[in-house]
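Trainee: Here you go, this is my_file.txt (compact mmCIF, C-alpha atoms and all ligand atoms).
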# COMPACT_ATOMS: atom_id res chain seq x y z
CA MET A 44 4.73 -16.38 5.31
CA THR A 45 6.27 -13.11 4.09
CA MET A 46 4.43 -11.28 1.33
CA PRO A 47 6.46 -10.33 -1.75
CA SER A 48 7.02 -6.57 -1.84
CA THR A 49 5.29 -4.69 -4.63
CA ILE A 50 7.05 -2.13 -6.79
CA MET A 51 5.67 1.38 -6.43
CA LEU A 52 8.00 3.05 -8.91
CA ASP A 53 9.98 1.42 -11.69
CA VAL A 54 12.32 3.70 -13.62
CA ARG A 55 13.73 2.07 -16.75
CA LYS A 56 16.81 3.45 -18.48
CA VAL A 57 15.61 7.06 -18.62
CA LYS A 58 17.69 9.56 -20.52
CA LYS A 59 17.34 13.34 -20.78
CA GLN A 60 19.45 15.61 -22.89
CA PHE A 61 19.48 19.43 -22.96
CA GLY A 62 20.99 20.42 -26.30
CA GLY A 63 24.15 18.34 -26.51
CA PHE A 64 24.39 17.86 -22.73
CA VAL A 65 23.15 14.57 -21.25
CA ALA A 66 21.79 15.39 -17.77
CA VAL A 67 20.32 11.94 -17.04
CA ASN A 68 21.92 9.08 -18.85
CA GLY A 69 20.16 5.71 -18.79
CA VAL A 70 19.09 5.69 -15.15
CA SER A 71 17.15 2.68 -13.81
CA LEU A 72 15.91 2.33 -10.28
CA SER A 73 12.97 0.87 -8.48
CA LEU A 74 11.22 1.74 -5.26
CA ALA A 75 9.29 -0.89 -3.33
CA THR A 76 6.04 0.04 -1.61
CA GLY A 77 6.87 1.54 1.77
CA GLU A 78 10.55 2.02 0.90
CA ARG A 79 12.42 5.24 1.73
CA ARG A 80 15.10 5.90 -0.86
CA ALA A 81 17.51 8.82 -0.95
CA LEU A 82 18.93 10.12 -4.19
CA ILE A 83 22.29 11.73 -3.54
CA GLY A 84 25.12 13.09 -5.65
CA PRO A 85 27.17 16.22 -6.31
CA ASN A 86 25.63 19.43 -7.65
CA GLY A 87 24.63 18.95 -11.26
CA ALA A 88 24.48 15.14 -10.97
CA GLY A 89 20.97 15.13 -12.44
CA LYS A 90 18.81 14.62 -9.32
CA THR A 91 16.28 17.38 -9.94
CA THR A 92 16.12 16.52 -13.63
CA LEU A 93 15.32 12.93 -12.66
CA PHE A 94 12.60 14.17 -10.28
CA ASN A 95 11.15 16.22 -13.13
CA LEU A 96 11.13 13.12 -15.34
CA LEU A 97 9.36 11.08 -12.66
CA SER A 98 6.71 13.66 -11.86
CA GLY A 99 5.83 14.38 -15.49
CA ARG A 100 7.36 17.85 -15.68
CA LEU A 101 9.85 16.69 -18.28
CA ALA A 102 9.52 13.95 -20.88
CA PRO A 103 12.50 11.59 -21.18
CA ASP A 104 14.20 11.21 -24.56
CA GLU A 105 14.46 7.49 -23.89
CA GLY A 106 13.28 5.00 -21.30
CA ASP A 107 10.08 4.53 -19.33
CA VAL A 108 8.65 5.34 -15.90
CA LEU A 109 6.12 2.93 -14.41
CA TYR A 110 4.10 4.02 -11.39
CA LYS A 111 2.12 1.25 -9.71
CA GLY A 112 2.78 -0.92 -12.77
CA THR A 113 1.58 1.57 -15.42
CA SER A 114 3.66 3.81 -17.68
CA ILE A 115 3.12 7.48 -16.84
CA LEU A 116 5.13 8.92 -19.72
CA LYS A 117 2.04 10.36 -21.37
CA VAL A 118 0.32 11.36 -18.13
CA SER A 119 0.14 15.02 -17.03
CA PRO A 120 1.75 16.14 -13.75
CA ASN A 121 -1.74 16.86 -12.33
CA GLU A 122 -3.01 13.41 -13.16
CA ILE A 123 0.16 11.79 -11.75
CA CYS A 124 -0.48 13.74 -8.56
CA LYS A 125 -4.11 12.59 -8.46
CA ARG A 126 -2.91 9.01 -8.77
CA GLY A 127 -0.95 9.49 -5.54
CA MET A 128 2.55 10.70 -6.45
CA ALA A 129 3.11 14.15 -4.96
CA ARG A 130 6.25 16.23 -4.79
CA THR A 131 7.83 19.26 -3.21
CA PHE A 132 10.44 21.52 -4.78
CA GLN A 133 13.96 22.56 -3.87
CA ILE A 134 12.83 26.16 -3.36
CA THR A 135 9.82 26.45 -1.04
CA SER A 136 6.66 27.14 -2.96
CA VAL A 137 4.11 28.45 -0.47
CA PHE A 138 1.78 31.33 -1.35
CA VAL A 139 3.56 34.05 0.60
CA LYS A 140 0.64 36.53 0.76
CA LEU A 141 -1.87 33.97 2.04
CA SER A 142 -2.22 32.85 5.63
CA VAL A 143 -0.85 29.46 6.65
CA ILE A 144 -4.30 27.90 6.87
CA GLN A 145 -5.33 29.39 3.50
CA ASN A 146 -2.27 27.76 1.93
CA VAL A 147 -3.36 24.34 3.16
CA GLN A 148 -7.00 24.97 2.22
CA THR A 149 -5.86 25.90 -1.27
CA ALA A 150 -3.97 22.61 -1.61
CA LEU A 151 -6.98 20.68 -0.28
CA TYR A 152 -9.32 22.52 -2.59
CA ALA A 153 -7.14 21.89 -5.64
CA HIS A 154 -7.00 18.21 -4.81
CA ARG A 155 -10.68 17.75 -3.90
CA ARG A 156 -12.18 20.14 -6.43
CA ARG A 157 -14.53 17.61 -7.95
CA SER A 158 -15.85 15.98 -4.83
CA HIS A 159 -16.43 19.23 -2.94
CA TRP A 160 -17.57 21.43 -5.80
CA LEU A 161 -21.25 21.38 -4.85
CA LEU A 162 -20.93 21.19 -1.10
CA ARG A 163 -22.15 24.34 0.62
CA ASN A 164 -20.03 23.56 3.69
CA ALA A 165 -16.88 22.91 1.64
CA ALA A 166 -15.01 25.83 3.21
CA SER A 167 -15.60 24.67 6.79
CA VAL A 168 -14.88 21.03 5.95
CA LEU A 169 -11.64 22.04 4.33
CA ARG A 170 -10.83 24.29 7.26
CA ASP A 171 -11.17 21.40 9.72
CA GLU A 172 -9.04 19.19 7.51
CA ALA A 173 -6.49 21.96 7.10
CA TYR A 174 -6.21 22.28 10.89
CA THR A 175 -5.69 18.53 11.16
CA LEU A 176 -2.84 18.77 8.64
CA LEU A 177 -1.29 21.72 10.47
CA ASP A 178 -1.48 19.71 13.68
CA MET A 179 0.27 16.86 11.92
CA VAL A 180 3.24 19.05 10.99
CA GLY A 181 3.26 20.98 14.28
CA ILE A 182 2.29 24.50 13.16
CA ARG A 183 -1.39 24.76 14.14
CA ALA A 184 -0.57 27.75 16.34
CA LEU A 185 0.66 29.62 13.25
CA ALA A 186 -2.54 29.07 11.24
CA GLU A 187 -3.48 32.74 10.88
CA ARG A 188 0.05 34.04 10.18
CA GLN A 189 0.98 35.23 6.73
CA ALA A 190 2.96 32.37 5.16
CA GLY A 191 5.69 34.64 3.80
CA LEU A 192 6.52 35.80 7.32
CA LEU A 193 7.20 32.30 8.67
CA SER A 194 10.72 31.12 9.36
CA TYR A 195 12.15 29.02 6.55
CA GLY A 196 11.84 25.88 8.69
CA ASP A 197 8.14 26.56 9.31
CA GLN A 198 7.65 27.18 5.59
CA LYS A 199 9.14 23.72 5.02
CA ARG A 200 6.60 22.34 7.53
CA LEU A 201 3.82 24.17 5.75
CA GLU A 202 4.96 22.67 2.46
CA LEU A 203 4.78 19.23 4.02
CA ALA A 204 1.21 19.95 5.19
CA MET A 205 0.34 21.07 1.65
CA VAL A 206 1.83 18.00 0.04
CA MET A 207 0.04 15.77 2.58
CA ALA A 208 -3.21 17.48 1.55
CA LEU A 209 -2.76 15.71 -1.79
CA GLU A 210 -3.16 12.31 -0.03
CA PRO A 211 0.04 10.86 -1.51
CA GLN A 212 1.11 7.25 -1.51
CA LEU A 213 4.50 8.14 -2.97
CA LEU A 214 6.19 11.31 -1.86
CA LEU A 215 9.03 12.95 -3.83
CA LEU A 216 10.84 15.50 -1.67
CA ASP A 217 13.48 17.68 -3.33
CA GLU A 218 15.93 18.74 -0.60
CA PRO A 219 13.43 18.86 2.28
CA THR A 220 15.94 20.23 4.80
CA ALA A 221 17.89 22.63 2.57
CA GLY A 222 18.56 26.07 4.00
CA VAL A 223 17.53 25.40 7.60
CA GLU A 224 19.75 25.37 10.67
CA LEU A 225 20.81 22.21 12.46
CA ASN A 226 18.12 21.88 15.16
CA THR A 227 15.30 22.66 12.74
CA ARG A 228 16.82 20.18 10.29
CA ARG A 229 16.69 17.47 12.95
CA GLU A 230 13.05 18.30 13.68
CA LEU A 231 12.19 18.14 9.98
CA VAL A 232 13.92 14.78 9.65
CA ALA A 233 11.91 13.42 12.61
CA LEU A 234 8.72 14.85 11.10
CA ILE A 235 9.34 13.28 7.68
CA LYS A 236 10.01 9.88 9.26
CA ASP A 237 6.88 10.20 11.38
CA LEU A 238 4.70 11.15 8.39
CA CYS A 239 6.05 8.22 6.36
CA THR A 240 5.31 5.79 9.18
CA ARG A 241 1.88 7.16 10.09
CA LYS A 242 0.67 7.41 6.51
CA GLN A 243 2.56 4.35 5.22
CA LEU A 244 4.19 6.40 2.50
CA SER A 245 6.83 5.40 0.02
CA LEU A 246 9.49 8.09 -0.20
CA LEU A 247 12.07 9.20 -2.73
CA PHE A 248 14.06 12.23 -1.66
CA CYS A 249 17.06 14.27 -2.83
CA GLU A 250 19.20 15.64 -0.07
CA HIS A 251 22.70 17.02 0.43
CA ASP A 252 22.64 16.75 4.22
CA MET A 253 24.09 13.33 4.93
CA ASP A 254 22.81 13.15 8.51
CA ALA A 255 19.29 13.53 7.12
CA VAL A 256 19.97 10.95 4.40
CA PHE A 257 21.39 8.36 6.77
CA SER A 258 18.62 8.93 9.30
CA ILE A 259 15.69 8.63 6.88
CA ALA A 260 16.74 6.29 4.05
CA ASP A 261 16.48 2.48 3.89
CA GLN A 262 18.19 2.58 0.50
CA ILE A 263 20.41 5.11 -1.24
CA THR A 264 21.03 5.70 -4.94
CA VAL A 265 24.12 7.73 -5.81
CA LEU A 266 23.98 9.70 -9.03
CA HIS A 267 27.10 11.09 -10.68
CA GLN A 268 27.20 12.89 -14.03
CA GLY A 269 23.74 11.62 -14.88
CA GLN A 270 24.47 7.96 -14.17
CA ILE A 271 24.10 5.68 -11.19
CA LEU A 272 27.41 5.34 -9.41
CA ALA A 273 26.20 3.07 -6.61
CA GLU A 274 23.12 1.76 -4.88
CA GLY A 275 22.64 0.12 -1.51
CA THR A 276 21.84 0.44 2.17
CA PRO A 277 23.28 3.40 4.11
CA GLY A 278 25.98 1.07 5.47
CA GLU A 279 26.93 -0.16 2.00
CA ILE A 280 27.01 3.36 0.55
CA SER A 281 29.06 4.87 3.34
CA ASN A 282 31.63 2.08 2.97
CA ASN A 283 31.80 2.33 -0.81
CA PRO A 284 35.23 3.72 -1.76
CA LYS A 285 34.02 5.20 -5.08
CA VAL A 286 31.21 7.09 -3.34
CA ARG A 287 33.55 8.34 -0.62
CA ASP A 288 36.03 9.57 -3.22
CA ILE A 289 33.49 11.37 -5.35
CA TYR A 290 30.94 12.59 -2.87
CA LEU A 291 31.02 11.67 0.80
CA GLY A 292 34.61 12.33 1.76
CA SER A 293 35.65 10.72 5.01
CA GLU A 294 32.96 12.10 7.34
CA HIS A 295 30.43 9.40 6.57
CA GLY A 296 32.89 6.70 5.63
CA ARG A 297 33.02 3.24 7.15
CA VAL A 298 29.75 3.00 9.00
CA ALA A 299 29.23 -0.47 10.47
N1 LIG B 301 16.46 23.06 -18.60
C1 LIG B 301 17.78 22.84 -18.65
N2 LIG B 301 18.50 23.25 -19.71
C2 LIG B 301 19.83 23.02 -19.79
N3 LIG B 301 20.54 22.37 -18.85
C3 LIG B 301 19.89 21.94 -17.78
C4 LIG B 301 18.47 22.15 -17.61
N4 LIG B 301 18.09 21.59 -16.42
C5 LIG B 301 19.21 21.06 -15.88
N5 LIG B 301 20.27 21.28 -16.69
C6 LIG B 301 21.64 20.84 -16.43
O1 LIG B 301 21.60 19.46 -16.15
C7 LIG B 301 22.55 19.15 -15.11
C8 LIG B 301 21.84 18.45 -13.99
O2 LIG B 301 21.06 19.42 -13.29
P1 LIG B 301 20.15 19.04 -12.05
O3 LIG B 301 19.49 20.29 -11.57
O4 LIG B 301 19.28 17.90 -12.39
O5 LIG B 301 21.25 18.55 -11.00
P2 LIG B 301 21.10 18.26 -9.44
O6 LIG B 301 21.78 16.96 -9.19
O7 LIG B 301 19.69 18.37 -9.03
O8 LIG B 301 21.95 19.45 -8.82
P3 LIG B 301 21.76 20.21 -7.42
O9 LIG B 301 22.20 19.26 -6.35
O10 LIG B 301 22.67 21.38 -7.55
O11 LIG B 301 20.32 20.61 -7.29
C9 LIG B 301 23.21 20.46 -14.70
O12 LIG B 301 24.47 20.55 -15.37
C10 LIG B 301 22.25 21.50 -15.19
O13 LIG B 301 22.91 22.71 -15.53
Show the structure stored in the file as structure tokens.
Mentor:
Amino acid sequence: MTMPSTIMLDVRKVKKQFGGFVAVNGVSLSLATGERRALIGPNGAGKTTLFNLLSGRLAPDEGDVLYKGTSILKVSPNEICKRGMARTFQITSVFVKLSVIQNVQTALYAHRRRSHWLLRNAASVLRDEAYTLLDMVGIRALAERQAGLLSYGDQKRLELAMVMALEPQLLLLDEPTAGVELNTRRELVALIKDLCTRKQLSLLFCEHDMDAVFSIADQITVLHQGQILAEGTPGEISNNPKVRDIYLGSEHGRVA
């Protein structure tokens, strides 16, 4: 007997306006538990604004966002994160003056503050856990380096370690492979897929690199001028004439 899939994230007709400009206009989408969904669309389509609405950084003018069945409209970004929805940003946000391991320890500490507050061995516990996370993303050997001196690709890995420190169930990644060269991009894509599988994560990610999108996503939502233009599997999206016209061009057209 197959179990019915549960809905991790249920976005209902959200709208966000800046002055007279409607950046997100009545967007609905849902993400099943364990699903990997890409959000794609031209620059200015409203992807980051939608991420900000989902993670509590912006309040929608209309609509609702349900996470694990409960509205999170009035919930702070910190509390949303504690409940298991963690995100990264388009521009890497590591602490450039700290070492790599200190960055991960800081994320662990912020997340575990309450439970480790009184533990005398908190620092060493967090250090062990931080090493485990660095192992997971493949940069253990760089633990003592200053984070700001890492290559951009390794900073992206570090960011993934930091977001994994938050013990997410749902990961929101805003352009996880932006700004890195082809080989590193492929490694990051493999890493993201591996993390999702090993940790049984649900994933919503924005990405302009279509190879990354088609390699990671089970489902794709296409946003255009703040509205959903199309939704479907990678095969359906790449064969959708409207999406090809507006966004994909011919390169990713007509995939079997
Ligand atoms: N705080 C703001 N005030 C005014 N306009 C904004 C604000 N934030 C976003 N916008 C506008 O809303 C539109 C959508 O922006 P958004 O950053 O969500 O697009 P995007 O799809 O993420 O683009 P990109 O792919 O370039 O990151 C853009 O026209 C942008 O200029």
Trainee: Just want the 9 Å neighbourhood of Ile182 of chain A, counted on all atoms listed in the file, with same-chain residues fewer than 5 positions away dropped. Output as a list in words.
Mentor: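 Near neighbours after the sequence-gap exclusion: Val143, Leu176, Leu177, Asp197, Arg200 and Leu201 of chain A.
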Trainee: Find the axis-aligned box for ligand LIG 301 (chain B), covering all its listed atoms and adding 3 Å on each side, and write its centre and edge lengths in Å to one decimal as lines of an AutoDock Vina configuration file.
Mentor:
center_x = 20.5
center_y = 20.1
center_z = -13.1
size_x = 14.0
size_y = 12.3
size_z = 19.4
Trainee: Could you report the residues within 7 Å of ligand LIG 301 (chain B), using only C-alpha atoms and all ligand atoms, as a list in words?
Mentor: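 What falls inside 7 Å of ligand LIG 301 (chain B) is Phe61, Ala66, Gly84, Pro85, Asn86, Gly87, Ala88, Gly89, Lys90, Thr91, Thr92 and Leu93 of chain A.
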Trainee: Given the selection you just returned, output its residues as a file containing C-alpha atoms, formatted as a PDB file, in the frame of the given file.
Mentor:
ATOM      1  CA  PHE A  61      19.480  19.430 -22.960  1.00  0.00           C
ATOM      2  CA  ALA A  66      21.790  15.390 -17.770  1.00  0.00           C
ATOM      3  CA  GLY A  84      25.120  13.090  -5.650  1.00  0.00           C
ATOM      4  CA  PRO A  85      27.170  16.220  -6.310  1.00  0.00           C
ATOM      5  CA  ASN A  86      25.630  19.430  -7.650  1.00  0.00           C
ATOM      6  CA  GLY A  87      24.630  18.950 -11.260  1.00  0.00           C
ATOM      7  CA  ALA A  88      24.480  15.140 -10.970  1.00  0.00           C
ATOM      8  CA  GLY A  89      20.970  15.130 -12.440  1.00  0.00           C
ATOM      9  CA  LYS A  90      18.810  14.620  -9.320  1.00  0.00           C
ATOM     10  CA  THR A  91      16.280  17.380  -9.940  1.00  0.00           C
ATOM     11  CA  THR A  92      16.120  16.520 -13.630  1.00  0.00           C
ATOM     12  CA  LEU A  93      15.320  12.930 -12.660  1.00  0.00           C
TER      13      LEU A  93
END
Trainee: Residues near Leu82 of chain A, anyone? I mean within 10 Å using only C-alpha atoms, not counting same-chain ones fewer than 4 positions away, as a list in words.
Mentor: Gly89, Lys90, Thr91, Leu93, Phe94, Asp217, Glu218, Leu247, Phe248, Cys249, Glu250, His251, Val256, Ala260, Gln262, Ile263, Thr264, Val265, Leu266, Ile271 and Glu274 of chain A
Trainee: In Å to one decimal, how far is atom CA of Gln198 of chain A from atom CA of Arg183 of chain A?
Mentor: 12.7 Å
Trainee: In Å, with one decimal, what is the gap from atom CA of Ala129 of chain A to atom CA of His154 of chain A?
Mentor: 10.9 Å
Trainee: Just checking: using only C-alpha atoms, which residue out of A:Leu101, A:Leu246, A:Leu185, A:Val118 ends up closest to Leu215 of chain A?
Mentor: A:Leu246
Trainee: Rank nothing, just name the residue among A:Ile83, A:Leu225, A:Leu272, A:Tyr110 nearest to Lys285 of chain A, using all atoms listed in the file.
Mentor: A:Leu272
Trainee: Could you work out how far atom CA of Val137 of chain A lies from atom CA of Leu52 of chain A, giving the answer in Å with one decimal?
Mentor: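 These atoms are spaced 27.0 Å apart.
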